[in-house]
>>> print(open('upload.cif').read())   # mmCIF, C-alpha atoms
data_upload
loop_
_atom_site.label_atom_id
_atom_site.label_comp_id
_atom_site.auth_asym_id
_atom_site.auth_seq_id
_atom_site.Cartn_x
_atom_site.Cartn_y
_atom_site.Cartn_z
CA MET A 1452 0.00 0.00 0.00
CA SER A 1453 1.52 3.27 -1.15
CA LYS A 1454 0.39 6.51 0.46
CA ARG A 1455 2.21 9.85 0.73
CA MET A 1456 1.54 13.46 1.62
CA VAL A 1457 2.75 16.19 -0.71
CA LYS A 1458 2.47 19.96 -0.56
CA LEU A 1459 0.62 21.41 -3.55
CA PRO A 1460 3.40 22.32 -6.01
CA ILE A 1461 3.62 25.99 -7.03
CA LEU A 1462 3.05 25.17 -10.70
CA PHE A 1463 -0.24 23.45 -9.81
CA GLN A 1464 -1.47 26.35 -7.66
CA ASP A 1465 -4.26 27.49 -9.94
CA PRO A 1466 -6.98 29.33 -8.00
CA LEU A 1467 -9.71 27.84 -10.20
CA PHE A 1468 -8.93 24.35 -8.89
CA TYR A 1469 -7.18 25.15 -5.61
CA PRO A 1470 -8.46 28.40 -4.02
CA ASN A 1471 -6.56 27.43 -0.84
CA GLN A 1472 -3.10 26.96 -2.28
CA ASP A 1473 -1.33 26.21 1.00
CA ILE A 1474 -2.55 22.63 1.28
CA GLU A 1475 -1.11 19.14 1.47
CA LEU A 1476 -2.53 16.35 -0.64
CA ILE A 1477 -2.67 12.68 0.29
CA ILE A 1478 -1.71 10.60 -2.72
CA SER A 1479 -2.59 6.93 -2.44
CA ASN A 1480 -2.67 3.90 -4.72
CA THR A 1481 -5.57 2.45 -2.76
CA ILE A 1482 -8.14 4.86 -4.25
CA SER A 1483 -9.74 3.94 -7.58
CA LEU A 1484 -9.29 6.22 -10.60
CA GLU A 1485 -13.02 7.02 -10.55
CA ASP A 1486 -12.81 8.15 -6.91
CA VAL A 1487 -9.69 10.22 -7.57
CA LEU A 1488 -11.42 11.96 -10.48
CA CYS A 1489 -14.46 12.78 -8.33
CA GLN A 1490 -12.58 13.88 -5.22
CA HIS A 1491 -9.31 15.50 -6.35
CA TYR A 1492 -7.80 17.58 -9.12
CA PHE A 1493 -4.78 16.28 -11.06
CA LEU A 1494 -3.62 14.00 -8.25
CA TYR A 1495 -1.67 11.53 -10.40
CA ASP A 1496 -0.12 14.37 -12.39
CA ILE A 1497 0.99 16.06 -9.17
CA ALA A 1498 2.51 12.77 -7.99
CA VAL A 1499 4.62 12.57 -11.16
CA TYR A 1500 5.56 16.25 -10.97
CA SER A 1501 6.65 15.67 -7.35
CA ARG A 1502 8.78 12.72 -8.53
CA MET A 1503 6.80 10.20 -6.54
CA LYS A 1504 7.31 6.63 -7.67
CA GLY A 1505 4.94 3.68 -7.73
CA PHE A 1506 1.70 5.54 -8.40
CA TYR A 1507 -0.75 4.84 -11.20
CA GLU A 1508 -0.02 6.78 -14.41
CA PRO A 1509 -3.33 6.96 -16.34
CA TRP A 1510 -1.72 8.52 -19.44
CA LYS A 1511 0.33 5.33 -19.87
CA HIS A 1512 -2.90 3.29 -19.76
CA SER A 1513 -5.14 5.62 -21.74
CA GLU A 1514 -7.18 2.80 -23.28
CA GLN A 1515 -8.42 1.98 -19.75
CA SER A 1516 -8.35 5.42 -18.11
CA ILE A 1517 -9.90 7.57 -20.87
CA PRO A 1518 -13.22 5.64 -20.93
CA LEU A 1519 -13.47 6.09 -17.13
CA LEU A 1520 -12.69 9.79 -17.50
CA LEU A 1521 -15.32 10.17 -20.22
CA LYS A 1522 -17.86 8.31 -18.08
CA SER A 1523 -17.18 10.79 -15.26
CA TRP A 1524 -17.66 13.66 -17.72
CA GLU A 1525 -20.98 12.22 -18.95
CA GLY A 1526 -22.26 12.15 -15.37
CA LYS A 1527 -21.25 15.78 -14.79
CA LYS A 1528 -22.63 16.78 -18.19
CA GLU A 1529 -26.09 15.44 -17.28
CA GLU A 1530 -25.93 17.16 -13.89
CA LEU A 1531 -24.93 20.44 -15.57
CA LYS A 1532 -27.76 20.19 -18.12
CA MET A 1533 -30.23 20.07 -15.23
CA ILE A 1534 -28.52 22.90 -13.35
CA PHE A 1535 -28.37 25.17 -16.39
CA GLY A 1536 -31.94 24.18 -17.25
CA ASP A 1537 -32.88 25.63 -13.86
CA ARG A 1538 -30.72 28.71 -14.65
CA ASP A 1539 -28.75 28.27 -11.44
CA ARG A 1540 -25.25 29.58 -12.22
CA ARG A 1541 -24.24 29.41 -8.57
CA MET A 1542 -24.82 25.64 -8.49
CA ALA A 1543 -23.02 25.17 -11.81
CA LYS A 1544 -19.63 26.45 -10.73
CA GLU A 1545 -18.30 23.39 -8.85
CA PRO A 1546 -19.39 20.76 -11.41
CA MET A 1547 -18.05 22.98 -14.20
CA ILE A 1548 -14.66 23.29 -12.50
CA ARG A 1549 -14.59 19.50 -12.03
CA SER A 1550 -15.51 19.08 -15.72
CA ILE A 1551 -12.77 21.49 -16.81
CA SER A 1552 -10.30 19.35 -14.86
CA TYR A 1553 -11.62 16.27 -16.67
CA PHE A 1554 -11.07 17.94 -20.00
CA ILE A 1555 -7.52 19.02 -19.19
CA CYS A 1556 -6.71 15.47 -18.07
CA PHE A 1557 -8.37 14.09 -21.21
CA LEU A 1558 -6.35 16.45 -23.40
CA PHE A 1559 -3.00 15.47 -21.91
CA TRP A 1560 -3.69 11.81 -21.12
CA GLY A 1561 -5.10 11.40 -24.63
CA ASN A 1562 -1.71 12.58 -25.89
CA GLN A 1563 -0.13 10.03 -23.51
CA LEU A 1564 1.31 12.74 -21.27
CA SER A 1565 0.73 13.82 -17.70
CA VAL A 1566 -0.57 17.31 -17.05
CA PRO A 1567 2.80 19.06 -16.54
CA TYR A 1568 1.47 22.09 -14.63
CA LEU A 1569 -1.59 24.33 -14.38
CA LYS A 1570 -0.07 27.82 -14.21
CA ASN A 1571 0.08 29.17 -17.78
CA ILE A 1572 -1.27 25.85 -19.05
CA ASN A 1573 -1.62 27.24 -22.57
CA GLN A 1574 2.17 27.01 -22.90
CA ALA A 1575 1.92 23.26 -22.42
CA ILE A 1576 -1.18 22.92 -24.61
CA VAL A 1577 0.57 24.60 -27.55
CA GLN A 1578 3.10 21.74 -27.52
CA LEU A 1579 0.47 18.98 -27.85
CA LYS A 1580 0.31 17.13 -31.15
CA CYS A 1581 -3.38 16.35 -30.96
CA LYS A 1582 -5.84 19.01 -29.76
CA PRO A 1583 -9.03 20.78 -30.81
CA ILE A 1584 -8.79 23.87 -33.01
CA ASN A 1585 -8.37 27.19 -31.17
CA ILE A 1586 -8.13 25.33 -27.87
CA GLU A 1587 -6.16 28.07 -26.10
CA GLU A 1588 -8.75 30.80 -26.73
CA ARG A 1589 -11.69 28.52 -26.06
CA LEU A 1590 -10.24 27.24 -22.80
CA ALA A 1591 -9.38 30.80 -21.71
CA PHE A 1592 -13.05 31.74 -22.18
CA ILE A 1593 -14.22 28.73 -20.15
CA TYR A 1594 -11.71 29.50 -17.38
CA SER A 1595 -12.85 33.12 -17.18
CA LYS A 1596 -16.56 32.29 -16.84
CA PRO A 1597 -16.93 28.70 -15.64
CA ASP A 1598 -20.47 29.25 -14.39
CA TYR A 1599 -21.85 30.55 -17.71
CA TYR A 1600 -24.03 28.38 -19.92
CA GLN A 1601 -21.90 29.32 -22.97
CA SER A 1602 -18.85 27.91 -21.17
CA PHE A 1603 -20.70 24.64 -20.68
CA ILE A 1604 -21.59 24.52 -24.39
CA GLN A 1605 -17.99 25.29 -25.35
CA LEU A 1606 -16.64 22.63 -22.97
CA SER A 1607 -19.09 20.06 -24.35
CA GLN A 1608 -17.92 20.86 -27.88
CA LEU A 1609 -14.26 20.52 -26.86
CA PHE A 1610 -14.95 17.11 -25.35
CA GLU A 1611 -16.78 16.02 -28.51
CA GLU A 1612 -14.06 17.25 -30.87
CA PHE A 1613 -11.19 15.78 -28.90
CA GLU A 1614 -12.98 12.47 -28.35
CA LYS A 1615 -13.17 12.01 -32.13
CA GLN A 1616 -9.49 12.89 -32.49
CA TYR A 1617 -8.52 10.58 -29.64
CA TYR A 1618 -10.34 7.54 -31.03
CA LYS A 1619 -8.94 8.24 -34.49
CA LEU A 1620 -5.43 8.20 -32.95
CA LEU A 1621 -6.21 4.91 -31.23
CA ILE A 1622 -7.32 3.32 -34.49
CA LEU A 1623 -4.19 4.56 -36.26
CA LYS A 1624 -2.02 3.25 -33.41
CA ARG A 1625 -3.65 -0.19 -33.56
CA THR A 1626 -3.29 -0.48 -37.35
CA LYS A 1627 0.44 0.31 -37.11
CA ILE A 1628 1.03 -2.60 -34.73
#
>>> encode(input="upload.cif", output="structure tokens")
Amino acid sequence: MSKRMVKLPILFQDPLFYPNQDIELIISNTISLEDVLCQHYFLYDIAVYSRMKGFYEPWKHSEQSIPLLLKSWEGKKEELKMIFGDRDRRMAKEPMIRSISYFICFLFWGNQLSVPYLKNINQAIVQLKCKPINIEERLAFIYSKPDYYQSFIQLSQLFEEFEKQYYKLLILKRTKI
């Protein structure tokens, strides 16, 4: 059983995900990927950044982890449809932030990379080989107004676009083998 405490690294101190930036995270191999996705932000990526060994690396097992990530997104998407249907922006903020974290993980893990950092993430996104068109501007809009319905629509479109690209990459990878 592997379990460690780590201080939130400076490069992961993004106020959208971690308003209280002076925190310590418990990183454990005993928690399922689904639970980690629902309870924490970028935990496995932080473990790698902190040079912790022996922890699950979902980007190296994307054929198993991406479907779980997309299943988590689908659950949040349905919840957000109801919330926005009720026009309750206040209630939308937390599930939108969680969904944004899912998308960032999806974007990097789908490229078989860990999320390297959150501060100035567009610098890392620019380097990705596979990504939706105009991702930097679109993500900046979503970040700036996570509780807006238009942000939800934009995030849904990003998921859709990248999911197609991801599965196309998988098919190409399998035919090369």
>>> residues_near_point(input="upload.cif", point="(-16.4, 9.0, -8.0)", cutoff="12 Å", atoms="only C-alpha atoms", output="ChimeraX atom specification")
/A:1482-1491,1519-1520,1522-1524,1526-1527,1549
>>> residues_around(input="upload.cif", residues="region 1555-1559 of chain A", least_positions_apart="2", cutoff="8 Å", atoms="all atoms listed in the file", output="PyMOL selection string")
chain A and resi 1493+1510+1517+1520+1551-1553+1561-1566+1579+1582+1613
>>> residues_around(input="upload.cif", residues="Asn1573 (chain A)", least_positions_apart="2", cutoff="12 Å", atoms="only C-alpha atoms", output="list in words")
Ile1555, Leu1558, Phe1559, Val1566, Pro1567, Tyr1568, Leu1569, Lys1570, Asn1571, Ala1575, Ile1576, Val1577, Gln1578, Leu1579, Lys1582, Asn1585, Ile1586, Glu1587, Glu1588, Arg1589, Leu1590, Ala1591 and Tyr1594 of chain A
>>> closest_residue(input="upload.cif", among="A:Trp1560, A:Tyr1469, A:Glu1612, A:Ser1602", to="Lys1511 (chain A)", atoms="only C-alpha atoms")
A:Trp1560
>>> resolve_selection(input="upload.cif", expression="the PyMOL selection byres ((chain A and resi 1455) around 9)", output="list in words")
Ser1453, Lys1454, Met1456, Val1457, Leu1476, Ile1477, Ile1478, Ser1479 and Met1503 of chain A
>>> atom_distance(input="upload.cif", atom1="CA of Thr1481 (chain A)", atom2="CA of Phe1463 (chain A)")
22.8 Å
>>> closest_residue(input="upload.cif", among="A:Tyr1507, A:Phe1610, A:Tyr1618, A:Ile1548", to="Tyr1495 (chain A)", atoms="all atoms listed in the file")
A:Tyr1507
>>> resolve_selection(input="upload.cif", expression="the PyMOL selection byres ((chain A and resi 1464) around 12)", output="compact mmCIF listing (two decimals) with C-alpha atoms, keeping the file's coordinate frame")
# COMPACT_ATOMS: atom_id res chain seq x y z
CA LYS A 1458 2.47 19.96 -0.56
CA LEU A 1459 0.62 21.41 -3.55
CA PRO A 1460 3.40 22.32 -6.01
CA ILE A 1461 3.62 25.99 -7.03
CA LEU A 1462 3.05 25.17 -10.70
CA PHE A 1463 -0.24 23.45 -9.81
CA ASP A 1465 -4.26 27.49 -9.94
CA PRO A 1466 -6.98 29.33 -8.00
CA LEU A 1467 -9.71 27.84 -10.20
CA PHE A 1468 -8.93 24.35 -8.89
CA TYR A 1469 -7.18 25.15 -5.61
CA PRO A 1470 -8.46 28.40 -4.02
CA ASN A 1471 -6.56 27.43 -0.84
CA GLN A 1472 -3.10 26.96 -2.28
CA ASP A 1473 -1.33 26.21 1.00
CA ILE A 1474 -2.55 22.63 1.28
CA GLU A 1475 -1.11 19.14 1.47
CA TYR A 1492 -7.80 17.58 -9.12
CA PHE A 1493 -4.78 16.28 -11.06
CA ILE A 1497 0.99 16.06 -9.17
CA TYR A 1568 1.47 22.09 -14.63
CA LEU A 1569 -1.59 24.33 -14.38
CA LYS A 1570 -0.07 27.82 -14.21
CA ASN A 1571 0.08 29.17 -17.78
CA ILE A 1572 -1.27 25.85 -19.05
>>> axis_aligned_box(input="upload.cif", around="region 1596-1608 of chain A", padding_each_side="8 Å", output="JSON")
{"center_x": -20.3, "center_y": 26.2, "center_z": -21.1, "size_x": 23.5, "size_y": 28.2, "size_z": 29.5}
>>> closest_residue(input="upload.cif", among="A:Lys1544, A:Cys1581, A:Phe1506, A:Tyr1500", to="Lys1596 (chain A)", atoms="all atoms listed in the file")
A:Lys1544
>>> atom_distance(input="upload.cif", atom1="CA of Arg1540 (chain A)", atom2="CA of Asp1598 (chain A)")
5.3 Å
>>> atom_distance(input="upload.cif", atom1="CA of Leu1606 (chain A)", atom2="CA of Val1499 (chain A)")
26.3 Å
